[in-house]
Structures are given as structure tokens and as C-alpha cells.
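Containing compact mmCIF, N, CA and C atoms: data_34.txt.
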# COMPACT_ATOMS: atom_id res chain seq x y z
N MET L 1 19.69 0.87 -3.46
CA MET L 1 19.41 0.16 -4.68
C MET L 1 18.06 0.61 -5.23
N THR L 2 18.02 1.02 -6.47
CA THR L 2 16.77 1.48 -7.06
C THR L 2 15.94 0.28 -7.46
N THR L 3 14.63 0.55 -7.67
CA THR L 3 13.73 -0.54 -8.05
C THR L 3 13.71 -0.75 -9.56
N GLU L 4 14.27 0.20 -10.31
CA GLU L 4 14.25 0.07 -11.77
C GLU L 4 15.16 -1.07 -12.20
N GLY L 5 14.71 -1.81 -13.19
CA GLY L 5 15.50 -2.89 -13.75
C GLY L 5 15.46 -4.18 -12.95
N ARG L 6 14.69 -4.20 -11.87
CA ARG L 6 14.60 -5.41 -11.05
C ARG L 6 13.41 -6.27 -11.43
N GLY L 7 12.58 -5.79 -12.32
CA GLY L 7 11.38 -6.54 -12.66
C GLY L 7 10.37 -6.50 -11.52
N ASP L 8 10.42 -5.43 -10.71
CA ASP L 8 9.53 -5.29 -9.55
C ASP L 8 8.09 -5.14 -10.02
N ARG L 9 7.22 -6.02 -9.57
CA ARG L 9 5.82 -6.01 -9.98
C ARG L 9 4.89 -5.59 -8.85
N ARG L 10 5.45 -4.98 -7.81
CA ARG L 10 4.61 -4.57 -6.69
C ARG L 10 3.68 -3.43 -7.10
N TRP L 11 2.54 -3.40 -6.45
CA TRP L 11 1.52 -2.41 -6.72
C TRP L 11 1.33 -1.58 -5.46
N PRO L 12 1.10 -0.31 -5.53
CA PRO L 12 0.93 0.54 -6.70
C PRO L 12 2.28 1.04 -7.24
N ARG L 13 2.34 1.12 -8.52
CA ARG L 13 3.59 1.55 -9.17
C ARG L 13 3.92 3.00 -8.80
N SER L 14 2.90 3.81 -8.49
CA SER L 14 3.16 5.20 -8.11
C SER L 14 3.96 5.29 -6.81
N VAL L 15 3.96 4.22 -6.04
CA VAL L 15 4.74 4.17 -4.80
C VAL L 15 6.02 3.38 -5.01
N TYR L 16 5.88 2.16 -5.48
CA TYR L 16 7.04 1.26 -5.58
C TYR L 16 7.90 1.52 -6.81
N GLY L 17 7.40 2.32 -7.73
CA GLY L 17 8.16 2.58 -8.95
C GLY L 17 9.10 3.77 -8.85
N VAL L 18 9.22 4.36 -7.68
CA VAL L 18 10.08 5.53 -7.53
C VAL L 18 11.11 5.31 -6.45
N GLY L 19 12.24 5.97 -6.58
CA GLY L 19 13.23 6.02 -5.53
C GLY L 19 13.92 4.72 -5.19
N ASP L 20 14.51 4.71 -4.00
CA ASP L 20 15.27 3.56 -3.51
C ASP L 20 14.49 2.84 -2.43
N GLU L 21 14.83 1.58 -2.25
CA GLU L 21 14.21 0.79 -1.19
C GLU L 21 14.62 1.35 0.17
N PRO L 22 13.64 1.70 1.02
CA PRO L 22 14.00 2.14 2.36
C PRO L 22 14.32 0.93 3.25
N ASP L 23 14.84 1.21 4.42
CA ASP L 23 15.05 0.17 5.41
C ASP L 23 13.71 -0.54 5.65
N PRO L 24 13.66 -1.87 5.59
CA PRO L 24 12.39 -2.58 5.76
C PRO L 24 11.69 -2.25 7.08
N ARG L 25 12.43 -1.93 8.11
CA ARG L 25 11.81 -1.58 9.39
C ARG L 25 10.92 -0.36 9.26
N PHE L 26 11.34 0.60 8.44
CA PHE L 26 10.54 1.81 8.27
C PHE L 26 9.29 1.53 7.46
N SER L 27 9.43 0.70 6.42
CA SER L 27 8.25 0.32 5.63
C SER L 27 7.25 -0.46 6.47
N LEU L 28 7.76 -1.35 7.32
CA LEU L 28 6.87 -2.13 8.18
C LEU L 28 6.19 -1.24 9.23
N ALA L 29 6.91 -0.25 9.75
CA ALA L 29 6.31 0.69 10.69
C ALA L 29 5.21 1.49 9.99
N ASN L 30 5.45 1.88 8.75
CA ASN L 30 4.44 2.60 7.97
C ASN L 30 3.21 1.72 7.77
N GLU L 31 3.42 0.44 7.51
CA GLU L 31 2.30 -0.49 7.34
C GLU L 31 1.52 -0.66 8.64
N ARG L 32 2.22 -0.71 9.77
CA ARG L 32 1.52 -0.83 11.06
C ARG L 32 0.67 0.41 11.33
N THR L 33 1.18 1.58 10.95
CA THR L 33 0.40 2.80 11.10
C THR L 33 -0.85 2.75 10.22
N PHE L 34 -0.69 2.27 8.99
CA PHE L 34 -1.83 2.09 8.08
C PHE L 34 -2.89 1.20 8.74
N LEU L 35 -2.45 0.08 9.29
CA LEU L 35 -3.39 -0.85 9.92
C LEU L 35 -4.06 -0.24 11.15
N ALA L 36 -3.34 0.60 11.89
CA ALA L 36 -3.95 1.28 13.04
C ALA L 36 -5.06 2.22 12.58
N TRP L 37 -4.84 2.93 11.48
CA TRP L 37 -5.89 3.79 10.93
C TRP L 37 -7.08 2.96 10.47
N ILE L 38 -6.82 1.80 9.89
CA ILE L 38 -7.92 0.93 9.46
C ILE L 38 -8.72 0.44 10.67
N ARG L 39 -8.03 0.07 11.75
CA ARG L 39 -8.74 -0.34 12.97
C ARG L 39 -9.59 0.81 13.51
N THR L 40 -9.07 2.02 13.46
CA THR L 40 -9.84 3.18 13.91
C THR L 40 -11.07 3.37 13.03
N SER L 41 -10.89 3.19 11.74
CA SER L 41 -12.01 3.30 10.81
C SER L 41 -13.09 2.28 11.13
N LEU L 42 -12.69 1.05 11.40
CA LEU L 42 -13.66 0.00 11.74
C LEU L 42 -14.37 0.32 13.06
N ALA L 43 -13.64 0.88 14.03
CA ALA L 43 -14.26 1.25 15.30
C ALA L 43 -15.30 2.35 15.10
N LEU L 44 -14.99 3.33 14.25
CA LEU L 44 -15.96 4.38 13.96
C LEU L 44 -17.19 3.81 13.27
N LEU L 45 -17.00 2.90 12.35
CA LEU L 45 -18.14 2.27 11.68
C LEU L 45 -18.97 1.45 12.66
N ALA L 46 -18.30 0.74 13.58
CA ALA L 46 -19.03 -0.02 14.59
C ALA L 46 -19.83 0.92 15.49
N GLY L 47 -19.24 2.06 15.83
CA GLY L 47 -19.97 3.05 16.61
C GLY L 47 -21.19 3.58 15.87
N ALA L 48 -21.04 3.80 14.57
CA ALA L 48 -22.17 4.27 13.76
C ALA L 48 -23.29 3.24 13.75
N VAL L 49 -22.93 1.98 13.60
CA VAL L 49 -23.95 0.91 13.61
C VAL L 49 -24.61 0.83 14.99
N ALA L 50 -23.81 0.93 16.04
CA ALA L 50 -24.37 0.84 17.40
C ALA L 50 -25.36 1.97 17.66
N VAL L 51 -25.02 3.19 17.29
CA VAL L 51 -25.93 4.32 17.49
C VAL L 51 -27.21 4.11 16.69
N HIS L 52 -27.08 3.58 15.51
CA HIS L 52 -28.24 3.37 14.64
C HIS L 52 -29.14 2.23 15.13
N VAL L 53 -28.55 1.17 15.62
CA VAL L 53 -29.31 -0.04 15.94
C VAL L 53 -29.83 -0.04 17.38
N LEU L 54 -29.05 0.44 18.33
CA LEU L 54 -29.46 0.39 19.73
C LEU L 54 -30.58 1.39 20.00
N ASP L 55 -31.46 1.02 20.90
CA ASP L 55 -32.55 1.92 21.28
C ASP L 55 -32.05 2.86 22.36
N LEU L 56 -31.55 4.02 21.95
CA LEU L 56 -30.98 4.98 22.88
C LEU L 56 -31.99 6.02 23.35
N GLU L 57 -33.22 5.87 22.92
CA GLU L 57 -34.29 6.80 23.27
C GLU L 57 -33.92 8.25 22.94
N LEU L 58 -33.35 8.41 21.77
CA LEU L 58 -32.98 9.72 21.26
C LEU L 58 -33.88 10.04 20.07
N PRO L 59 -34.06 11.32 19.75
CA PRO L 59 -34.83 11.67 18.55
C PRO L 59 -34.22 11.02 17.30
N ASP L 60 -35.08 10.62 16.39
CA ASP L 60 -34.63 9.94 15.17
C ASP L 60 -33.61 10.78 14.40
N LEU L 61 -33.82 12.08 14.35
CA LEU L 61 -32.90 12.95 13.62
C LEU L 61 -31.50 12.91 14.26
N VAL L 62 -31.43 12.92 15.56
CA VAL L 62 -30.15 12.88 16.26
C VAL L 62 -29.44 11.55 16.00
N VAL L 63 -30.19 10.47 16.05
CA VAL L 63 -29.61 9.15 15.77
C VAL L 63 -29.08 9.11 14.34
N ALA L 64 -29.89 9.60 13.40
CA ALA L 64 -29.48 9.57 12.00
C ALA L 64 -28.24 10.44 11.76
N LEU L 65 -28.22 11.63 12.32
CA LEU L 65 -27.07 12.52 12.11
C LEU L 65 -25.82 11.99 12.79
N THR L 66 -25.96 11.47 13.99
CA THR L 66 -24.80 10.96 14.72
C THR L 66 -24.23 9.72 14.04
N SER L 67 -25.10 8.78 13.67
CA SER L 67 -24.60 7.56 13.02
C SER L 67 -24.02 7.87 11.64
N THR L 68 -24.64 8.80 10.92
CA THR L 68 -24.10 9.18 9.61
C THR L 68 -22.74 9.87 9.77
N GLY L 69 -22.63 10.75 10.76
CA GLY L 69 -21.36 11.43 11.01
C GLY L 69 -20.25 10.46 11.36
N LEU L 70 -20.56 9.48 12.21
CA LEU L 70 -19.55 8.49 12.57
C LEU L 70 -19.16 7.63 11.37
N ALA L 71 -20.15 7.26 10.55
CA ALA L 71 -19.85 6.45 9.36
C ALA L 71 -18.99 7.24 8.37
N LEU L 72 -19.30 8.52 8.20
CA LEU L 72 -18.48 9.35 7.31
C LEU L 72 -17.07 9.52 7.86
N ALA L 73 -16.95 9.67 9.17
CA ALA L 73 -15.62 9.76 9.78
C ALA L 73 -14.84 8.47 9.56
N GLY L 74 -15.53 7.33 9.64
CA GLY L 74 -14.89 6.04 9.36
C GLY L 74 -14.41 5.95 7.92
N ALA L 75 -15.23 6.42 7.00
CA ALA L 75 -14.84 6.40 5.59
C ALA L 75 -13.65 7.34 5.35
N LEU L 76 -13.67 8.51 5.97
CA LEU L 76 -12.56 9.46 5.86
C LEU L 76 -11.28 8.83 6.42
N CYS L 77 -11.43 8.15 7.54
CA CYS L 77 -10.28 7.52 8.19
C CYS L 77 -9.67 6.44 7.29
N ALA L 78 -10.50 5.62 6.67
CA ALA L 78 -10.00 4.57 5.78
C ALA L 78 -9.31 5.18 4.56
N THR L 79 -9.92 6.21 3.99
CA THR L 79 -9.32 6.89 2.84
C THR L 79 -7.98 7.51 3.23
N HIS L 80 -7.96 8.14 4.39
CA HIS L 80 -6.71 8.74 4.87
C HIS L 80 -5.64 7.68 5.08
N ALA L 81 -6.03 6.52 5.58
CA ALA L 81 -5.05 5.45 5.82
C ALA L 81 -4.29 5.12 4.55
N TRP L 82 -5.01 4.96 3.48
CA TRP L 82 -4.38 4.61 2.20
C TRP L 82 -3.49 5.74 1.68
N ARG L 83 -4.06 6.95 1.65
CA ARG L 83 -3.30 8.09 1.13
C ARG L 83 -2.05 8.36 1.95
N SER L 84 -2.19 8.28 3.26
CA SER L 84 -1.05 8.54 4.14
C SER L 84 0.03 7.47 3.98
N TRP L 85 -0.38 6.21 3.87
CA TRP L 85 0.60 5.14 3.67
C TRP L 85 1.39 5.41 2.39
N ALA L 86 0.68 5.70 1.30
CA ALA L 86 1.34 5.91 0.00
C ALA L 86 2.26 7.13 0.04
N ARG L 87 1.79 8.23 0.61
CA ARG L 87 2.61 9.45 0.67
C ARG L 87 3.87 9.22 1.52
N THR L 88 3.70 8.54 2.65
CA THR L 88 4.84 8.29 3.54
C THR L 88 5.84 7.35 2.88
N GLU L 89 5.35 6.29 2.28
CA GLU L 89 6.25 5.32 1.62
C GLU L 89 7.01 6.00 0.48
N ARG L 90 6.31 6.81 -0.30
CA ARG L 90 6.95 7.51 -1.41
C ARG L 90 8.01 8.48 -0.89
N ALA L 91 7.70 9.20 0.18
CA ALA L 91 8.66 10.15 0.76
C ALA L 91 9.90 9.41 1.26
N MET L 92 9.72 8.27 1.90
CA MET L 92 10.88 7.51 2.38
C MET L 92 11.73 7.03 1.21
N ARG L 93 11.09 6.60 0.14
CA ARG L 93 11.82 6.08 -1.01
C ARG L 93 12.60 7.18 -1.73
N GLN L 94 12.10 8.42 -1.64
CA GLN L 94 12.75 9.53 -2.32
C GLN L 94 13.63 10.37 -1.39
N GLY L 95 13.75 9.96 -0.13
CA GLY L 95 14.60 10.68 0.81
C GLY L 95 14.07 12.05 1.18
N ARG L 96 12.75 12.23 1.09
CA ARG L 96 12.14 13.51 1.45
C ARG L 96 11.61 13.46 2.87
N PRO L 97 11.33 14.62 3.48
CA PRO L 97 10.71 14.64 4.82
C PRO L 97 9.34 13.96 4.78
N LEU L 98 8.95 13.37 5.88
CA LEU L 98 7.66 12.71 5.94
C LEU L 98 6.53 13.73 5.93
N PRO L 99 5.41 13.41 5.29
CA PRO L 99 4.30 14.36 5.21
C PRO L 99 3.62 14.53 6.56
N SER L 100 2.93 15.66 6.71
CA SER L 100 2.20 15.92 7.95
C SER L 100 0.86 15.19 7.92
N ASN L 101 0.19 15.18 9.08
CA ASN L 101 -1.08 14.47 9.21
C ASN L 101 -2.12 15.44 9.74
N GLY L 102 -2.93 16.00 8.85
CA GLY L 102 -3.95 16.96 9.26
C GLY L 102 -5.31 16.34 9.50
N VAL L 103 -5.50 15.10 9.11
CA VAL L 103 -6.81 14.46 9.23
C VAL L 103 -7.13 14.11 10.68
N GLY L 104 -6.12 13.89 11.48
CA GLY L 104 -6.35 13.52 12.87
C GLY L 104 -7.22 14.53 13.60
N VAL L 105 -7.00 15.81 13.34
CA VAL L 105 -7.79 16.86 13.98
C VAL L 105 -9.26 16.75 13.60
N LEU L 106 -9.55 16.47 12.33
CA LEU L 106 -10.93 16.30 11.89
C LEU L 106 -11.60 15.11 12.57
N LEU L 107 -10.86 14.01 12.69
CA LEU L 107 -11.43 12.83 13.32
C LEU L 107 -11.68 13.05 14.81
N VAL L 108 -10.76 13.73 15.48
CA VAL L 108 -10.97 14.05 16.89
C VAL L 108 -12.23 14.92 17.03
N GLY L 109 -12.38 15.88 16.15
CA GLY L 109 -13.57 16.73 16.19
C GLY L 109 -14.85 15.95 15.99
N ALA L 110 -14.85 15.03 15.04
CA ALA L 110 -16.05 14.22 14.79
C ALA L 110 -16.41 13.36 16.00
N VAL L 111 -15.41 12.76 16.61
CA VAL L 111 -15.67 11.90 17.77
C VAL L 111 -16.14 12.74 18.96
N VAL L 112 -15.53 13.90 19.18
CA VAL L 112 -15.95 14.76 20.29
C VAL L 112 -17.38 15.23 20.10
N VAL L 113 -17.74 15.65 18.89
CA VAL L 113 -19.11 16.09 18.63
C VAL L 113 -20.09 14.95 18.88
N ALA L 114 -19.78 13.75 18.40
CA ALA L 114 -20.67 12.60 18.63
C ALA L 114 -20.82 12.31 20.12
N CYS L 115 -19.71 12.38 20.86
CA CYS L 115 -19.76 12.14 22.31
C CYS L 115 -20.62 13.18 23.02
N VAL L 116 -20.41 14.43 22.67
CA VAL L 116 -21.18 15.51 23.32
C VAL L 116 -22.66 15.34 23.03
N VAL L 117 -23.01 15.08 21.78
CA VAL L 117 -24.42 14.89 21.42
C VAL L 117 -25.03 13.75 22.20
N LEU L 118 -24.33 12.63 22.24
CA LEU L 118 -24.88 11.46 22.94
C LEU L 118 -24.97 11.69 24.44
N VAL L 119 -23.98 12.32 25.02
CA VAL L 119 -24.01 12.56 26.47
C VAL L 119 -25.11 13.56 26.83
N VAL L 120 -25.18 14.65 26.10
CA VAL L 120 -26.17 15.69 26.42
C VAL L 120 -27.59 15.16 26.23
N LEU L 121 -27.82 14.41 25.17
CA LEU L 121 -29.19 13.96 24.90
C LEU L 121 -29.54 12.67 25.61
N ALA L 122 -28.55 11.90 26.04
CA ALA L 122 -28.85 10.64 26.69
C ALA L 122 -29.05 10.79 28.20
N VAL L 123 -28.56 11.90 28.77
CA VAL L 123 -28.72 12.11 30.21
C VAL L 123 -30.17 12.49 30.46
N PRO L 124 -30.85 11.74 31.33
CA PRO L 124 -32.26 12.05 31.60
C PRO L 124 -32.45 13.40 32.28
N GLY L 125 -33.55 14.05 31.93
CA GLY L 125 -33.93 15.30 32.59
C GLY L 125 -33.32 16.45 31.93
How does this structure look as C-alpha cells?
Amino acid sequence: MTTEGRGDRRWPRSVYGVGDEPDPRFSLANERTFLAWIRTSLALLAGAVAVHVLDLELPDLVVALTSTGLALAGALCATHAWRSWARTERAMRQGRPLPSNGVGVLLVGAVVVACVVLVVLAVPG
């Protein structure tokens, strides 16, 4: 069943205004994935705040770069959550293959770099 002619007022129209309604289970799974990305974004932001606020006895430049990197990764993650949700929902509605996820590699890289920096500089001696 198409959404046209139903008086559908859901937002964003760029997603809900195209194609057919997918099985609700798939839309709900897509929403759970969106929320998982949001939780990851919040965790990265919490890590950025922790590095900035806690006295880790690290050089100020390292603290600033690490906390800024984690905060930017959190912002990227939140932005990706929205874009990925919309692209996936639109693909399901139009019967197209689901889009790939290339942002995960960037986020893994950001977290690994932050971990290495903190471990190398936090170990005494």
C-alpha cells in the first residue's frame, strides 16, 4: 500500500513520502539501530568530557586533542545515525538493497587512536 492519498503527515516527507509501507518489524529494527548509534554517540561525548575534566596528568595539548577528537566522533556518529536511518528506511520503502555503512570504520579508528594515546601517555615511565 502506498502512502500517497492517505493524508500521511509523518516527517520527514523525503522518507515517508516515497514508496510502500515496509513490514513494521523492519522499520522498528531500523529505529533500534538508529538508537544504538545515538547511544554510541552519547558514550563518545561522555568520554570526551571525562578526558577533559579528569586530572589524567597528561599534557594539556594531548587532553585537548583527545577530548576534541572524541567529541567530533560523537557528533559524526549522531549525524550518521540520522542519515543512515533515513537512507535505510527509504531503501526499504522503495524495495532497493540496503545501503552500506562506511562510517563504522572511521569511528573505530577514532576510538583506537584515543585509546592508544591515553594508554601510551598515561603509563608511568
- Please report, as number ranges by chain, each residue of chain L to which DSSP assigns alpha helix (DSSP H) when run on this structure's backbone. L: 13-16, 24-53, 60-94, 103-122
- Message: Give me the residues near Arg39 of chain L as a VMD selection string, where near means some atom within 12 Å (using only C-alpha atoms) and where sequence neighbours in that chain fewer than 4 positions away do not count.
- Response: chain L and resid 32 to 35 43 to 46 74 to 75 77 to 78 81
Enclosing box along x, y and z for every listed atom of segment 37-50 of chain L, padded 4 Å each side, centre and size in Å, one decimal, as JSON:
{"center_x": -15.1, "center_y": 2.0, "center_z": 13.6, "size_x": 28.5, "size_y": 12.7, "size_z": 16.2}
- Task: Could you check how far atom C of Val15 of chain L sits from atom CA of Ser41 of chain L, in Å to one decimal?
- Result: 24.0 Å
- For atom N of Val117 of chain L and atom N of Thr66 of chain L, determine how far apart the two atoms are, in Å to one decimal place. 9.1 Å
- Choose the residue, out of L:Ile38, L:Glu31, L:Pro97, L:Val123, that has the smallest atom-to-atom separation from His80 of chain L; count only N, CA and C atoms.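 That would be L:Ile38, the residue with the smallest distance to His80 of chain L.
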- Item | Met92 of chain L surroundings by only N, CA and C atoms, 7 Å radius, close-in-sequence under 6 positions cut, as a PyMOL selection string | chain L and resi 19-22+98
- Message: Under the rule that all atoms listed in the file are counted, which of L:Gly69, L:Ala86, L:Ala122, L:Leu76 is the nearest residue to Ala110 of chain L?
- Response: L:Gly69
- Message: I want to know what sits within 6.5 Å of Val18 of chain L, based on only N, CA and C atoms, with residues of the same chain fewer than 3 positions away left out; could you give that as a PyMOL selection string?
- Response: chain L and resi 3+13-15+93-94
Okay, now the selection with N, CA and C atoms, as a PDB file, in the coordinates of the input?
ATOM      1  N   THR L   3      14.630   0.550  -7.670  1.00  0.00           N
ATOM      2  CA  THR L   3      13.730  -0.540  -8.050  1.00  0.00           C
ATOM      3  C   THR L   3      13.710  -0.750  -9.560  1.00  0.00           C
ATOM      4  N   ARG L  13       2.340   1.120  -8.520  1.00  0.00           N
ATOM      5  CA  ARG L  13       3.590   1.550  -9.170  1.00  0.00           C
ATOM      6  C   ARG L  13       3.920   3.000  -8.800  1.00  0.00           C
ATOM      7  N   SER L  14       2.900   3.810  -8.490  1.00  0.00           N
ATOM      8  CA  SER L  14       3.160   5.200  -8.110  1.00  0.00           C
ATOM      9  C   SER L  14       3.960   5.290  -6.810  1.00  0.00           C
ATOM     10  N   VAL L  15       3.960   4.220  -6.040  1.00  0.00           N
ATOM     11  CA  VAL L  15       4.740   4.170  -4.800  1.00  0.00           C
ATOM     12  C   VAL L  15       6.020   3.380  -5.010  1.00  0.00           C
ATOM     13  N   ARG L  93      11.090   6.600   0.140  1.00  0.00           N
ATOM     14  CA  ARG L  93      11.820   6.080  -1.010  1.00  0.00           C
ATOM     15  C   ARG L  93      12.600   7.180  -1.730  1.00  0.00           C
ATOM     16  N   GLN L  94      12.100   8.420  -1.640  1.00  0.00           N
ATOM     17  CA  GLN L  94      12.750   9.530  -2.320  1.00  0.00           C
ATOM     18  C   GLN L  94      13.630  10.370  -1.390  1.00  0.00           C
TER      19      GLN L  94
END
- Task: Work out how far atom C of Leu70 of chain L is from atom N of Thr88 of chain L, in Å to one decimal.
- Result: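 So the two atoms, atom N of Thr88 of chain L and atom C of Leu70 of chain L, lie 24.5 Å apart.
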- Selection near His52 of chain L, 6 Å with only N, CA and C atoms, sequence-local residues under 5 positions removed, as a count of residues only: 3
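With only N, CA and C atoms as the atoms that count, the minimum distance from Tyr16 of chain L to the choices L:Val103, L:Leu28, L:Arg90, L:Ala71 is reached by L:Arg90.
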At the level of all heavy atoms, write segment 76-86 of chain L to a file as an mmCIF file, in the first residue's frame, please.
data_model
loop_
_atom_site.group_PDB
_atom_site.id
_atom_site.type_symbol
_atom_site.label_atom_id
_atom_site.label_comp_id
_atom_site.auth_asym_id
_atom_site.auth_seq_id
_atom_site.Cartn_x
_atom_site.Cartn_y
_atom_site.Cartn_z
ATOM 1 N N LEU L 76 29.878 13.042 14.654
ATOM 2 C CA LEU L 76 29.817 12.270 13.415
ATOM 3 C C LEU L 76 28.867 11.084 13.578
ATOM 4 O O LEU L 76 28.057 10.790 12.696
ATOM 5 C CB LEU L 76 31.211 11.782 13.025
ATOM 6 C CG LEU L 76 31.289 10.816 11.841
ATOM 7 C CD1 LEU L 76 30.879 11.517 10.548
ATOM 8 C CD2 LEU L 76 32.690 10.253 11.722
ATOM 9 N N CYS L 77 28.960 10.436 14.718
ATOM 10 C CA CYS L 77 28.118 9.271 14.988
ATOM 11 C C CYS L 77 26.635 9.660 15.011
ATOM 12 O O CYS L 77 25.793 8.962 14.448
ATOM 13 C CB CYS L 77 28.540 8.667 16.326
ATOM 14 S SG CYS L 77 27.833 7.079 16.682
ATOM 15 N N ALA L 78 26.309 10.767 15.662
ATOM 16 C CA ALA L 78 24.916 11.215 15.718
ATOM 17 C C ALA L 78 24.409 11.597 14.328
ATOM 18 O O ALA L 78 23.281 11.259 13.948
ATOM 19 C CB ALA L 78 24.779 12.393 16.681
ATOM 20 N N THR L 79 25.238 12.288 13.563
ATOM 21 C CA THR L 79 24.860 12.660 12.201
ATOM 22 C C THR L 79 24.653 11.416 11.345
ATOM 23 O O THR L 79 23.677 11.314 10.590
ATOM 24 C CB THR L 79 25.947 13.558 11.571
ATOM 25 O OG1 THR L 79 26.127 14.705 12.401
ATOM 26 C CG2 THR L 79 25.577 13.985 10.177
ATOM 27 N N HIS L 80 25.556 10.466 11.494
ATOM 28 C CA HIS L 80 25.436 9.213 10.747
ATOM 29 C C HIS L 80 24.158 8.471 11.132
ATOM 30 O O HIS L 80 23.514 7.864 10.271
ATOM 31 C CB HIS L 80 26.658 8.333 10.991
ATOM 32 C CG HIS L 80 26.491 6.962 10.450
ATOM 33 N ND1 HIS L 80 26.469 6.691 9.099
ATOM 34 C CD2 HIS L 80 26.296 5.771 11.067
ATOM 35 C CE1 HIS L 80 26.286 5.400 8.918
ATOM 36 N NE2 HIS L 80 26.171 4.820 10.098
ATOM 37 N N ALA L 81 23.805 8.504 12.405
ATOM 38 C CA ALA L 81 22.594 7.803 12.857
ATOM 39 C C ALA L 81 21.376 8.282 12.075
ATOM 40 O O ALA L 81 20.582 7.477 11.580
ATOM 41 C CB ALA L 81 22.384 8.028 14.357
ATOM 42 N N TRP L 82 21.243 9.570 11.959
ATOM 43 C CA TRP L 82 20.088 10.135 11.251
ATOM 44 C C TRP L 82 20.123 9.794 9.756
ATOM 45 O O TRP L 82 19.150 9.324 9.189
ATOM 46 C CB TRP L 82 20.007 11.643 11.450
ATOM 47 C CG TRP L 82 18.889 12.241 10.669
ATOM 48 C CD1 TRP L 82 18.969 12.897 9.479
ATOM 49 C CD2 TRP L 82 17.494 12.184 10.992
ATOM 50 N NE1 TRP L 82 17.732 13.267 9.049
ATOM 51 C CE2 TRP L 82 16.801 12.842 9.963
ATOM 52 C CE3 TRP L 82 16.776 11.646 12.059
ATOM 53 C CZ2 TRP L 82 15.424 12.973 9.958
ATOM 54 C CZ3 TRP L 82 15.398 11.791 12.053
ATOM 55 C CH2 TRP L 82 14.741 12.440 11.022
ATOM 56 N N ARG L 83 21.271 10.047 9.136
ATOM 57 C CA ARG L 83 21.384 9.800 7.695
ATOM 58 C C ARG L 83 21.169 8.328 7.363
ATOM 59 O O ARG L 83 20.487 7.986 6.404
ATOM 60 C CB ARG L 83 22.750 10.262 7.176
ATOM 61 C CG ARG L 83 22.898 11.780 7.159
ATOM 62 C CD ARG L 83 24.167 12.235 6.448
ATOM 63 N NE ARG L 83 24.051 11.924 5.029
ATOM 64 C CZ ARG L 83 24.928 11.148 4.379
ATOM 65 N NH1 ARG L 83 25.953 10.620 4.984
ATOM 66 N NH2 ARG L 83 24.771 10.911 3.090
ATOM 67 N N SER L 84 21.750 7.456 8.175
ATOM 68 C CA SER L 84 21.623 6.026 7.927
ATOM 69 C C SER L 84 20.180 5.558 8.120
ATOM 70 O O SER L 84 19.681 4.749 7.329
ATOM 71 C CB SER L 84 22.554 5.260 8.874
ATOM 72 O OG SER L 84 22.421 3.878 8.679
ATOM 73 N N TRP L 85 19.517 6.059 9.158
ATOM 74 C CA TRP L 85 18.114 5.693 9.375
ATOM 75 C C TRP L 85 17.289 6.080 8.149
ATOM 76 O O TRP L 85 16.516 5.273 7.633
ATOM 77 C CB TRP L 85 17.543 6.385 10.617
ATOM 78 C CG TRP L 85 16.061 6.220 10.685
ATOM 79 C CD1 TRP L 85 15.378 5.146 11.168
ATOM 80 C CD2 TRP L 85 15.073 7.133 10.184
ATOM 81 N NE1 TRP L 85 14.030 5.335 11.014
ATOM 82 C CE2 TRP L 85 13.818 6.543 10.410
ATOM 83 C CE3 TRP L 85 15.134 8.380 9.574
ATOM 84 C CZ2 TRP L 85 12.624 7.170 10.043
ATOM 85 C CZ3 TRP L 85 13.962 8.993 9.213
ATOM 86 C CH2 TRP L 85 12.729 8.393 9.447
ATOM 87 N N ALA L 86 17.454 7.321 7.683
ATOM 88 C CA ALA L 86 16.657 7.815 6.556
ATOM 89 C C ALA L 86 16.963 7.028 5.276
ATOM 90 O O ALA L 86 16.040 6.632 4.551
ATOM 91 C CB ALA L 86 16.919 9.304 6.330
#
